[in-house]
Amino acid sequence: MATKTVQAIRGTSRTHKLPIADIFVQQFGTGTPVLWLHSEDYYELDLPLIQKLAQKYKVIVPWMPGYGKTDLPETVRTVDDLSYGYLDLMQKLKLEKTRVVGFSTGGWLANEIASKDCSRISKMSLVCPLGVKIGGAYDRDIEDIYYHPTAKVQAFKFSNPKNDPMVPHELSEQEAFVLARAKETTAKLAWDPYFHNPMLKFRLHRVTVKTQFIWGARDGLVKPKYGRAYAKLLPNSDFVSVPGAGHFPHVEKPDTFDPILEKFLR
Amino acid sequence: MEFYHFTEFPWPYLPPDDEFTSMRVNLPSSVFDPKIGADLYHSYLDQHKLADELGLNCMINEHHQTATCINSSAPLSIAIAARETKNARICILGNPAANLRDPIRCAEEMAMIDNISHGRLECGFVRGVPYELFGSNCNPTETSARLWESVQLMQKAWGTHDGPFNYEGRWIHKRQVNVWPRIYQDPHPPIWMTGGSDVNHATRAIENGFTFTMFLTPADGMRKMFDGVRANLKKKGLPTPADDLFAFMPLLAVGETEEEALKYIQEVFWYVKNNKAESQFRAPPGYVETPLYANFLSGRFSGGRTDAIRTKGMEFFRENGVAVYGTPDSVAKQLKSLYKKVGGFGHLIGMLHSGDMPFKHTAKSMKLFAEEVVPQLKDLGTVSSSLGPLKDRGTPVKAAKFNGRTAALASARDNWFKKQTKKAKAA
């Protein structure tokens, strides 16, 4: 059912036409599968760590529909909806004993997938995942990225805002269009309820695989306290903190982050 | 041409400019003093009464979480106007249909107001400015589609008189829709919509027989939009729309002398000068078309209309038709020229009040406008045969289908309608 095949450097890519959505997937290396679920800011799509992991694993990198390769169809309104597309994808790729790595919204997606069916998953590493409501109705668990000026949002996300790889003013028109479309997709999925599925936390007991939460100790977007409480909702999880890092510890502190993840994936 | 008075119900007493970053969304309500606010409401509502006495119509809008407009529920103000005015058409522009969680509630409110006013309602629906999405929490990527779904459902609800129907649409689900009271105008009040940059949206509005309105748009932009709509309709093989399907709202001031008019327009200009908002409030993702949003993100487009207009002088606004002011003859001339420049429009909504403009200034400007400008312009423009001129609108329902009820009851109802129509016309 592949619609196109493109040879990329040290990898392959193809668009899978699935009933829920078309999903563009890159694949690097061979071995035990690692399903790599990027964040809403998609820094992870060209993270050097992918190449490193590809030496040992088959790293499978789906691009969320709406993030530059395929469109988010009208029929997908939530991350919950989207997770069915990913379950279809895992089935189609015949993934077994998969290590799932999910970043931020990608971590939320991982939990949506695993809470429905974790039979193809052996373990999950979730990096500052979003997706649940921890506090009370009046508590702001996740800072409002739409309400604050750009500089403040950057300060929420990075312990040092200069570490943000995204410099919108340097983007070409085409890149800016992709960014705009990606932000629209994120808003479509996460504007309301804001970056969470109110029902997800009541399903997380079903995620029985070993799960690691990695959290930047200086995450200002969503505090480590949220992460610790989130981790407790899963029956088989632990929590690791990355000192000096914000919401994207893999971007800010790769020297600390990479060994933590690599050790867990083994 | 038809003429409307407009005040946005401002809260004019702001902190020093450097002490707040935005009029919209996040200005604390501690800035509002209810002791003064209560009187302000009455002063603004009095403007509607005055408009009515002067033979003008009223346009009334709403915004939320902002000092630019304390009319946070327009249906309340139009309900008051429906009772306090006699002849004015009452144009709500509009109900924020994209952000309403329950459009049937809106259909009911409008039906009540249409009855209370004896069919003087002109019913507008808007998508809402981007700032509204922060308070309403409505998803900016869905507003256009939600607006249309809500409006179409309301039309259906107003036009259905044989008991409940089922509706399970994209966002709205109602299993027993049965709007009471039956709306006064048949099949429903004239519908209005607004727009900024999307010509397809404007075309769709006019194709549906709605009046399409632009606010404070420079003449060139308006010409481009109106021409675009006319061209789109032509391409579809549809007839050229009459002028009364297009409406425009400039800032407006009329004085006995140029100096007096300048003084008044500077008071109205408060809105433009103070209408500041943090840039992220203007561009939530999905609100505008993707290429425009991409330009906003990459800095290729920064403030847009709002920033540009805050920094330019009054003469600039007179030249592009955003501010129309002067002596009565000068204003009539400017409006005729604007009419020609944009290829015609049939409704002129004058923003004749803003900021802390004293009532007596607004009243004088309104009076000069109604008595000395309107007579020079009222014959301008073409009228849709389906809608007719405002003075002939508001005919109540004719059909008397009383399923299984007595003829006496039906006839009593018909007599009641006749009496009311006569009364309304006499008034």
# chains A, B, ... in the order shown; residues from 1 in each chain; ligands from 1

call {"tool": "interface_residues", "arguments": {"of": "chain B", "to": "chain A", "cutoff": "7 Å", "atoms": "only C-alpha atoms", "output": "list in words"}}
result
Asn137, Asn139, Thr141, Gln280, Phe281, Pro284, Pro285, Gly286, Thr290, Pro291, Tyr293, Ala294, Leu297, Ser298 and Gly299 of chain B

call {"tool": "write_last_selection", "arguments": {"atoms": "N, CA and C atoms", "output": "short mmCIF file (atom, residue, chain, number, x, y, z; two decimals), in the first residue's frame"}}
result
data_model
loop_
_atom_site.label_atom_id
_atom_site.label_comp_id
_atom_site.auth_asym_id
_atom_site.auth_seq_id
_atom_site.Cartn_x
_atom_site.Cartn_y
_atom_site.Cartn_z
N ASN B 137 -12.15 29.71 24.91
CA ASN B 137 -11.41 28.44 24.81
C ASN B 137 -11.84 27.62 23.61
N ASN B 139 -11.55 26.17 19.90
CA ASN B 139 -10.37 25.79 19.13
C ASN B 139 -10.27 26.65 17.87
N THR B 141 -8.74 26.39 15.21
CA THR B 141 -8.70 25.68 13.93
C THR B 141 -10.10 25.30 13.46
N GLN B 280 0.66 37.65 20.38
CA GLN B 280 0.21 36.25 20.35
C GLN B 280 -1.31 36.14 20.45
N PHE B 281 -1.96 37.18 20.97
CA PHE B 281 -3.43 37.14 21.04
C PHE B 281 -4.06 37.33 19.66
N PRO B 284 -3.66 33.16 17.15
CA PRO B 284 -3.64 31.76 17.59
C PRO B 284 -3.61 30.85 16.36
N PRO B 285 -2.90 29.70 16.45
CA PRO B 285 -2.74 28.85 15.27
C PRO B 285 -4.09 28.41 14.69
N GLY B 286 -4.22 28.53 13.37
CA GLY B 286 -5.44 28.05 12.73
C GLY B 286 -6.50 29.11 12.54
N THR B 290 -3.15 29.39 6.53
CA THR B 290 -1.81 28.92 6.91
C THR B 290 -0.67 29.80 6.37
N PRO B 291 -0.68 30.23 5.10
CA PRO B 291 0.45 31.05 4.63
C PRO B 291 0.59 32.37 5.41
N TYR B 293 -0.34 32.83 8.52
CA TYR B 293 0.16 32.47 9.85
C TYR B 293 1.66 32.16 9.78
N ALA B 294 2.08 31.52 8.70
CA ALA B 294 3.51 31.23 8.51
C ALA B 294 4.30 32.53 8.46
N LEU B 297 4.64 33.87 11.94
CA LEU B 297 5.62 33.14 12.75
C LEU B 297 7.06 33.51 12.39
N SER B 298 7.30 33.68 11.09
CA SER B 298 8.67 33.91 10.64
C SER B 298 9.02 35.40 10.63
N GLY B 299 8.09 36.22 11.09
CA GLY B 299 8.38 37.65 11.19
C GLY B 299 8.23 38.39 9.88
#

call {"tool": "residues_around", "arguments": {"residues": "Lys340 of chain B", "least_positions_apart": "2", "cutoff": "12 Å", "atoms": "only C-alpha atoms", "output": "PyMOL selection string"}}
result
chain B and resi 219-220+222-223+226+243+321+333-338+342-346+380-381

call {"tool": "write_last_selection", "arguments": {"atoms": "C-alpha atoms", "output": "PDB file, in the first residue's frame"}}
result
ATOM      1  CA  ALA B 219     -11.162  51.484   0.768  1.00  0.00           C
ATOM      2  CA  ASP B 220      -8.618  49.557  -1.318  1.00  0.00           C
ATOM      3  CA  MET B 222     -12.775  46.733   0.706  1.00  0.00           C
ATOM      4  CA  ARG B 223     -12.801  47.202  -3.051  1.00  0.00           C
ATOM      5  CA  PHE B 226     -16.215  43.284  -2.771  1.00  0.00           C
ATOM      6  CA  ASP B 243     -25.745  46.803  -2.865  1.00  0.00           C
ATOM      7  CA  GLY B 321     -12.254  55.886   4.142  1.00  0.00           C
ATOM      8  CA  LYS B 333     -19.469  63.774  -0.400  1.00  0.00           C
ATOM      9  CA  GLN B 334     -16.921  61.444   1.230  1.00  0.00           C
ATOM     10  CA  LEU B 335     -19.470  58.673   1.541  1.00  0.00           C
ATOM     11  CA  LYS B 336     -20.626  59.046  -2.061  1.00  0.00           C
ATOM     12  CA  SER B 337     -17.029  58.862  -3.163  1.00  0.00           C
ATOM     13  CA  LEU B 338     -16.417  55.798  -0.977  1.00  0.00           C
ATOM     14  CA  VAL B 342     -15.646  50.206  -3.588  1.00  0.00           C
ATOM     15  CA  GLY B 343     -18.269  49.454  -6.208  1.00  0.00           C
ATOM     16  CA  GLY B 344     -21.253  50.012  -3.942  1.00  0.00           C
ATOM     17  CA  PHE B 345     -22.607  49.042  -0.534  1.00  0.00           C
ATOM     18  CA  GLY B 346     -26.048  49.369   0.966  1.00  0.00           C
ATOM     19  CA  LEU B 380     -28.053  55.637  -3.083  1.00  0.00           C
ATOM     20  CA  GLY B 381     -27.640  51.948  -3.885  1.00  0.00           C
TER      21      GLY B 381
END

call {"tool": "closest_residue", "arguments": {"among": "B:Lys156, B:His347, B:His353, B:Arg175", "to": "Glu122 of chain B", "atoms": "only C-alpha atoms"}}
result
B:His347

call {"tool": "residues_around", "arguments": {"residues": "Lys116 of chain A", "least_positions_apart": "4", "cutoff": "9 Å", "atoms": "only C-alpha atoms", "output": "number ranges by chain"}}
result
A: 83-84, 87, 111-112, 203, 206-207

call {"tool": "write_last_selection", "arguments": {"atoms": "N, CA and C atoms", "output": "mmCIF file, in the first residue's frame"}}
result
data_model
loop_
_atom_site.group_PDB
_atom_site.id
_atom_site.type_symbol
_atom_site.label_atom_id
_atom_site.label_comp_id
_atom_site.auth_asym_id
_atom_site.auth_seq_id
_atom_site.Cartn_x
_atom_site.Cartn_y
_atom_site.Cartn_z
ATOM 1 N N SER A 83 -4.154 7.635 18.054
ATOM 2 C CA SER A 83 -3.478 6.426 18.533
ATOM 3 C C SER A 83 -3.940 5.179 17.771
ATOM 4 N N TYR A 84 -5.179 5.186 17.291
ATOM 5 C CA TYR A 84 -5.654 4.034 16.510
ATOM 6 C C TYR A 84 -4.883 3.908 15.198
ATOM 7 N N LEU A 87 -1.694 2.268 16.150
ATOM 8 C CA LEU A 87 -1.883 0.824 16.409
ATOM 9 C C LEU A 87 -1.943 0.066 15.081
ATOM 10 N N ASN A 111 1.252 6.677 25.552
ATOM 11 C CA ASN A 111 0.337 6.155 26.582
ATOM 12 C C ASN A 111 -1.048 5.856 26.027
ATOM 13 N N GLU A 112 -1.482 6.675 25.049
ATOM 14 C CA GLU A 112 -2.779 6.390 24.404
ATOM 15 C C GLU A 112 -2.709 5.040 23.690
ATOM 16 N N ARG A 203 -7.160 4.899 32.396
ATOM 17 C CA ARG A 203 -6.836 3.734 31.560
ATOM 18 C C ARG A 203 -5.381 3.291 31.740
ATOM 19 N N ARG A 206 -3.682 -0.114 32.527
ATOM 20 C CA ARG A 206 -3.524 -1.123 31.467
ATOM 21 C C ARG A 206 -2.111 -1.125 30.863
ATOM 22 N N VAL A 207 -1.342 -0.080 31.166
ATOM 23 C CA VAL A 207 0.018 0.004 30.616
ATOM 24 C C VAL A 207 0.942 -0.771 31.558
#

call {"tool": "select_by_dssp", "arguments": {"residues": "segment 26-248 of chain A", "states": "strand (DSSP E or B)", "output": "number ranges by chain"}}
result
A: 26-28, 33-37, 58-63, 98-103, 121-127, 131, 196, 210-216, 237-242

call {"tool": "residues_around", "arguments": {"residues": "Leu37 of chain A", "least_positions_apart": "3", "cutoff": "9 Å", "atoms": "only C-alpha atoms", "output": "list in words"}}
result
Glu44, Leu45, Ile60, Val61, Pro62, Trp63, Met64, Val100, Val101, Gly102, Phe103, Ser104, Thr105, Gly106, Gly107, Leu109 and Ala110 of chain A

call {"tool": "select_by_dssp", "arguments": {"residues": "segment 186-252 of chain A", "states": "alpha helix (DSSP H)", "output": "list in words"}}
result
Thr186, Ala187, Lys188, Leu189, Ala190, Pro224, Lys225, Tyr226, Gly227, Arg228, Ala229, Tyr230, Ala231, Lys232, Pro249, His250, Val251 and Glu252 of chain A

call {"tool": "write_last_selection", "arguments": {"atoms": "N, CA and C atoms", "output": "short mmCIF file (atom, residue, chain, number, x, y, z; two decimals), in the first residue's frame"}}
result
data_model
loop_
_atom_site.label_atom_id
_atom_site.label_comp_id
_atom_site.auth_asym_id
_atom_site.auth_seq_id
_atom_site.Cartn_x
_atom_site.Cartn_y
_atom_site.Cartn_z
N THR A 186 -1.09 20.85 16.17
CA THR A 186 -1.01 20.75 17.63
C THR A 186 -2.24 21.38 18.28
N ALA A 187 -2.62 22.57 17.76
CA ALA A 187 -3.78 23.26 18.33
C ALA A 187 -5.03 22.42 18.14
N LYS A 188 -5.14 21.82 16.97
CA LYS A 188 -6.32 21.01 16.69
C LYS A 188 -6.44 19.87 17.72
N LEU A 189 -5.29 19.27 18.05
CA LEU A 189 -5.30 18.11 18.95
C LEU A 189 -5.31 18.49 20.42
N ALA A 190 -4.81 19.68 20.73
CA ALA A 190 -4.51 19.92 22.15
C ALA A 190 -4.99 21.26 22.71
N PRO A 224 8.41 18.82 37.17
CA PRO A 224 8.72 17.43 37.51
C PRO A 224 7.72 16.81 38.49
N LYS A 225 7.13 17.66 39.34
CA LYS A 225 6.13 17.16 40.30
C LYS A 225 4.97 16.48 39.56
N TYR A 226 4.57 17.07 38.44
CA TYR A 226 3.53 16.49 37.59
C TYR A 226 4.01 15.13 37.07
N GLY A 227 5.28 15.11 36.63
CA GLY A 227 5.85 13.89 36.07
C GLY A 227 5.87 12.75 37.07
N ARG A 228 6.24 13.08 38.32
CA ARG A 228 6.29 12.04 39.37
C ARG A 228 4.89 11.48 39.63
N ALA A 229 3.91 12.37 39.69
CA ALA A 229 2.53 11.92 39.93
C ALA A 229 2.01 11.10 38.75
N TYR A 230 2.38 11.53 37.55
CA TYR A 230 1.99 10.85 36.31
C TYR A 230 2.56 9.42 36.32
N ALA A 231 3.85 9.32 36.65
CA ALA A 231 4.52 8.02 36.64
C ALA A 231 3.82 7.04 37.58
N LYS A 232 3.32 7.57 38.69
CA LYS A 232 2.65 6.70 39.67
C LYS A 232 1.35 6.11 39.14
N PRO A 249 15.10 17.61 27.56
CA PRO A 249 16.43 17.27 28.09
C PRO A 249 17.33 16.65 27.02
N HIS A 250 16.74 15.99 26.02
CA HIS A 250 17.52 15.39 24.94
C HIS A 250 18.15 16.45 24.06
N VAL A 251 17.57 17.66 24.04
CA VAL A 251 18.15 18.76 23.26
C VAL A 251 19.16 19.52 24.11
N GLU A 252 18.82 19.75 25.37
CA GLU A 252 19.66 20.60 26.21
C GLU A 252 20.83 19.87 26.86
#

call {"tool": "residues_around", "arguments": {"residues": "segment 15-26 of chain B", "least_positions_apart": "4", "cutoff": "9 Å", "atoms": "only C-alpha atoms", "output": "list in words"}}
result
Val31, His64, Gln65, Thr66, Ala67, Thr68, Tyr131, Glu132, Phe134, Gly135, Asn274, Asn275, Lys276, Ala277, Glu278 and Phe281 of chain B

call {"tool": "atom_distance", "arguments": {"atom1": "atom CA of Ala253 of chain B", "atom2": "atom CA of His5 of chain B"}}
result
11.1 Å

call {"tool": "closest_residue", "arguments": {"among": "B:Glu259, B:Glu267, B:Asp33, B:Asp227", "to": "Ala202 of chain B", "atoms": "only C-alpha atoms"}}
result
B:Asp227

call {"tool": "closest_residue", "arguments": {"among": "B:Lys86, B:Arg300, B:Lys263, B:Arg204", "to": "His118 of chain B", "atoms": "only C-alpha atoms"}}
result
B:Lys86

call {"tool": "closest_residue", "arguments": {"among": "B:Ala363, B:Val374, B:Leu352, B:Ile104", "to": "Ala332 of chain B", "atoms": "only C-alpha atoms"}}
result
B:Val374

call {"tool": "residues_around", "arguments": {"residues": "Met249 of chain B", "least_positions_apart": "5", "cutoff": "7 Å", "atoms": "only C-alpha atoms", "output": "ChimeraX atom specification"}}
result
/B:214-216,348-351

call {"tool": "residues_around", "arguments": {"residues": "segment 385-390 of chain B", "least_positions_apart": "2", "cutoff": "8 Å", "atoms": "only C-alpha atoms", "output": "list in words"}}
result
Glu2, Arg89, Pro190, Val383, Asp392 and Arg393 of chain B

call {"tool": "write_last_selection", "arguments": {"atoms": "N, CA and C atoms", "output": "PDB file, in the first residue's frame"}}
result
ATOM      1  N   GLU B   2     -28.935  52.438   3.866  1.00  0.00           N
ATOM      2  CA  GLU B   2     -29.509  52.413   5.214  1.00  0.00           C
ATOM      3  C   GLU B   2     -28.423  52.804   6.220  1.00  0.00           C
ATOM      4  N   ARG B  89     -34.378  49.519  13.159  1.00  0.00           N
ATOM      5  CA  ARG B  89     -34.001  48.120  13.004  1.00  0.00           C
ATOM      6  C   ARG B  89     -32.848  47.888  13.968  1.00  0.00           C
ATOM      7  N   PRO B 190     -33.387  38.864   8.509  1.00  0.00           N
ATOM      8  CA  PRO B 190     -32.233  38.928   7.610  1.00  0.00           C
ATOM      9  C   PRO B 190     -30.961  38.586   8.387  1.00  0.00           C
ATOM     10  N   VAL B 383     -31.372  47.612  -4.001  1.00  0.00           N
ATOM     11  CA  VAL B 383     -31.966  46.834  -2.908  1.00  0.00           C
ATOM     12  C   VAL B 383     -32.341  45.437  -3.415  1.00  0.00           C
ATOM     13  N   ASP B 392     -39.622  48.291   4.943  1.00  0.00           N
ATOM     14  CA  ASP B 392     -40.640  47.286   4.608  1.00  0.00           C
ATOM     15  C   ASP B 392     -40.356  45.921   5.231  1.00  0.00           C
ATOM     16  N   ARG B 393     -39.235  45.813   5.938  1.00  0.00           N
ATOM     17  CA  ARG B 393     -38.909  44.506   6.527  1.00  0.00           C
ATOM     18  C   ARG B 393     -39.706  44.304   7.807  1.00  0.00           C
TER      19      ARG B 393
END

call {"tool": "decode", "arguments": {"residues": "segment 46-118 of chain B", "atoms": "C-alpha atoms", "output": "PDB file, in the first residue's frame"}}
result
ATOM      1  CA  ASP B  46     -29.613  56.024  25.734  1.00  0.00           C
ATOM      2  CA  GLN B  47     -27.700  56.353  22.475  1.00  0.00           C
ATOM      3  CA  HIS B  48     -29.877  53.602  21.022  1.00  0.00           C
ATOM      4  CA  LYS B  49     -33.004  55.487  22.050  1.00  0.00           C
ATOM      5  CA  LEU B  50     -31.649  58.660  20.518  1.00  0.00           C
ATOM      6  CA  ALA B  51     -30.774  56.845  17.278  1.00  0.00           C
ATOM      7  CA  ASP B  52     -34.353  55.619  17.129  1.00  0.00           C
ATOM      8  CA  GLU B  53     -35.741  59.113  17.681  1.00  0.00           C
ATOM      9  CA  LEU B  54     -33.507  60.459  14.927  1.00  0.00           C
ATOM     10  CA  GLY B  55     -34.636  57.826  12.444  1.00  0.00           C
ATOM     11  CA  LEU B  56     -31.372  55.914  12.544  1.00  0.00           C
ATOM     12  CA  ASN B  57     -31.026  52.177  13.112  1.00  0.00           C
ATOM     13  CA  CYS B  58     -28.793  50.559  15.728  1.00  0.00           C
ATOM     14  CA  MET B  59     -25.944  48.150  15.375  1.00  0.00           C
ATOM     15  CA  ILE B  60     -24.887  46.363  18.547  1.00  0.00           C
ATOM     16  CA  ASN B  61     -21.966  44.000  19.042  1.00  0.00           C
ATOM     17  CA  GLU B  62     -20.203  42.118  21.796  1.00  0.00           C
ATOM     18  CA  HIS B  63     -16.687  41.341  22.919  1.00  0.00           C
ATOM     19  CA  HIS B  64     -15.269  39.601  25.938  1.00  0.00           C
ATOM     20  CA  GLN B  65     -12.530  40.267  28.473  1.00  0.00           C
ATOM     21  CA  THR B  66     -11.782  43.701  27.091  1.00  0.00           C
ATOM     22  CA  ALA B  67     -12.112  47.367  27.995  1.00  0.00           C
ATOM     23  CA  THR B  68     -12.809  48.201  24.342  1.00  0.00           C
ATOM     24  CA  CYS B  69     -16.299  46.778  24.824  1.00  0.00           C
ATOM     25  CA  ILE B  70     -18.202  46.149  28.037  1.00  0.00           C
ATOM     26  CA  ASN B  71     -21.171  44.850  26.077  1.00  0.00           C
ATOM     27  CA  SER B  72     -20.215  41.259  26.807  1.00  0.00           C
ATOM     28  CA  SER B  73     -23.629  39.885  25.909  1.00  0.00           C
ATOM     29  CA  ALA B  74     -25.154  41.683  22.954  1.00  0.00           C
ATOM     30  CA  PRO B  75     -28.494  39.847  23.245  1.00  0.00           C
ATOM     31  CA  LEU B  76     -29.050  41.652  26.567  1.00  0.00           C
ATOM     32  CA  SER B  77     -28.533  45.081  24.984  1.00  0.00           C
ATOM     33  CA  ILE B  78     -30.645  44.304  21.951  1.00  0.00           C
ATOM     34  CA  ALA B  79     -33.384  43.020  24.228  1.00  0.00           C
ATOM     35  CA  ILE B  80     -33.372  46.393  25.984  1.00  0.00           C
ATOM     36  CA  ALA B  81     -33.335  48.202  22.632  1.00  0.00           C
ATOM     37  CA  ALA B  82     -36.179  46.009  21.400  1.00  0.00           C
ATOM     38  CA  ARG B  83     -38.303  47.360  24.262  1.00  0.00           C
ATOM     39  CA  GLU B  84     -37.020  50.947  24.345  1.00  0.00           C
ATOM     40  CA  THR B  85     -36.984  51.778  20.641  1.00  0.00           C
ATOM     41  CA  LYS B  86     -39.952  52.002  18.321  1.00  0.00           C
ATOM     42  CA  ASN B  87     -38.868  52.073  14.702  1.00  0.00           C
ATOM     43  CA  ALA B  88     -35.137  51.382  14.496  1.00  0.00           C
ATOM     44  CA  ARG B  89     -34.001  48.120  13.004  1.00  0.00           C
ATOM     45  CA  ILE B  90     -31.847  46.437  15.601  1.00  0.00           C
ATOM     46  CA  CYS B  91     -28.826  44.816  14.079  1.00  0.00           C
ATOM     47  CA  ILE B  92     -26.837  42.449  16.273  1.00  0.00           C
ATOM     48  CA  LEU B  93     -23.447  41.989  14.690  1.00  0.00           C
ATOM     49  CA  GLY B  94     -23.152  39.686  16.002  1.00  0.00           C
ATOM     50  CA  ASN B  95     -23.768  36.564  17.886  1.00  0.00           C
ATOM     51  CA  PRO B  96     -20.383  34.827  18.183  1.00  0.00           C
ATOM     52  CA  ALA B  97     -21.814  31.679  16.639  1.00  0.00           C
ATOM     53  CA  ALA B  98     -18.446  29.957  16.273  1.00  0.00           C
ATOM     54  CA  ASN B  99     -17.808  30.199  20.005  1.00  0.00           C
ATOM     55  CA  LEU B 100     -21.293  29.408  21.231  1.00  0.00           C
ATOM     56  CA  ARG B 101     -21.597  26.016  22.836  1.00  0.00           C
ATOM     57  CA  ASP B 102     -25.366  26.066  22.384  1.00  0.00           C
ATOM     58  CA  PRO B 103     -26.641  27.725  19.206  1.00  0.00           C
ATOM     59  CA  ILE B 104     -30.222  26.683  19.976  1.00  0.00           C
ATOM     60  CA  ARG B 105     -30.156  28.898  23.044  1.00  0.00           C
ATOM     61  CA  CYS B 106     -29.089  31.694  20.677  1.00  0.00           C
ATOM     62  CA  ALA B 107     -31.918  30.868  18.241  1.00  0.00           C
ATOM     63  CA  GLU B 108     -34.369  31.117  21.159  1.00  0.00           C
ATOM     64  CA  GLU B 109     -32.993  34.465  22.324  1.00  0.00           C
ATOM     65  CA  MET B 110     -33.172  35.897  18.823  1.00  0.00           C
ATOM     66  CA  ALA B 111     -36.714  34.586  18.397  1.00  0.00           C
ATOM     67  CA  MET B 112     -37.764  36.314  21.619  1.00  0.00           C
ATOM     68  CA  ILE B 113     -36.145  39.576  20.604  1.00  0.00           C
ATOM     69  CA  ASP B 114     -37.680  39.399  17.141  1.00  0.00           C
ATOM     70  CA  ASN B 115     -41.083  39.069  18.789  1.00  0.00           C
ATOM     71  CA  ILE B 116     -40.533  41.761  21.412  1.00  0.00           C
ATOM     72  CA  SER B 117     -39.377  44.191  18.702  1.00  0.00           C
ATOM     73  CA  HIS B 118     -42.211  43.239  16.341  1.00  0.00           C
TER      74      HIS B 118
END
